[in-house]
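Following: one structure in structure tokens, then a few remarks.
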Amino acid sequence: MKSLWTAVAATLLTVSVATAADVTPPDVLAKDTANALLAELKANQDTFKQNPDQLYEVVDRIVLPHFDFDYVSKLVLARYWRKATPEQRTRFQQAFRSQLVGFYGDALLDYSNEKVNWEDAAVPADATDVTVRSEIVPAGSDPIPISYAMHLTDGTWKVYDVTVDGISLVTNYRGQFAAEIRRSGLDALIQRLESESSALG
């Protein structure tokens with residue numbers, strides 16, 4: 001359940017703004033974009049279940065451009081990023097992006113009209129790093145707190161981490177990938193991700 005809502009949380013936060021001077025508050029943007037995206041999911045859920053590739057395309061087009069993949073990759077690979085060659089960095093980013101597309105898309109297939117509550121919070125005019133908080137309310141279950149770490153980069157707000165019920169997406173992948181790199185090496189990790197990306201089609 002938490003892995004599902006990690007994906008939904010990341011999908012809900014499709015936020016992009018032009019400049020710090022005239023931005024709509026990030027939480028407002030998140031609500032508006034979430035409503036539009038979830039309306040599309042509701043309208044096309046049967047189609048997406050029959051042809052998940054169409055949902056993967058939606059995720060890739062609408063969601064992932066609002067992630068700061070350079071920064072996320074640095075955080076996830078940590079010290080291994082500094083040791084990686086430019087080619088390894090590029091290959092990792094491309095393969096990691098494809099993996100997230102599949103992960104988020106598969107999880108969204110299980111969306112069933114759960115309620116989303118958003119925390120109202122004022123964002124200082126000079127803010128460059130914010131946390132937007134919300135919660136998912138599954139029917140018959142306790143609310144699941146979700147927070148989105150965002151920063152302003154090149155005049156655009158982008159997501160660099162999602163935390164669900166205290167579990168950070170970045171921290172989770174960092175531990176998983178570090179163990180795999182220590183065991184088999186960075187090239188082996190990249191090759192595995194690339195293989196899974198190819199299978200995704």
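By convention in this document, the chains of the structure tokens carry letters A, B, ... by their order, each chain's residues are numbered from 1, and ligands are numbered from 1 in the order they are shown.
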Counting only C-alpha atoms, which residues in region 28-68 of chain A sit no more than 12 Å from region 72-76 of chain A? For each one, give the nearest pair of atoms and the distance in Å, sorted by chain then residue number, as CSV.
```
residue,atom,partner,partner_atom,distance
A:Leu64,CA,A:Val72,CA,11.6
A:His66,CA,A:Val72,CA,11.5
A:Phe67,CA,A:Val72,CA,7.8
A:Asp68,CA,A:Val72,CA,6.0
```
Report as CSV the residues of region 48-105 of chain A within 7 Å of region 183-196 of chain A, each with its shortest atom pair and distance in Å (one decimal), using only C-alpha atoms, ordered by chain and increasing residue number.
```
residue,atom,partner,partner_atom,distance
A:Arg91,CA,A:Ile190,CA,6.9
A:Phe92,CA,A:Ile190,CA,5.6
A:Ala95,CA,A:Glu194,CA,5.1
A:Phe96,CA,A:Leu193,CA,6.5
A:Gln99,CA,A:Leu193,CA,6.9
```
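In terms of minimum interatomic distance to Gly175 (chain A), A:Ala78 ranks closest within A:Ala78, A:Ala121, A:Leu37, A:Ile146, counting only C-alpha atoms.
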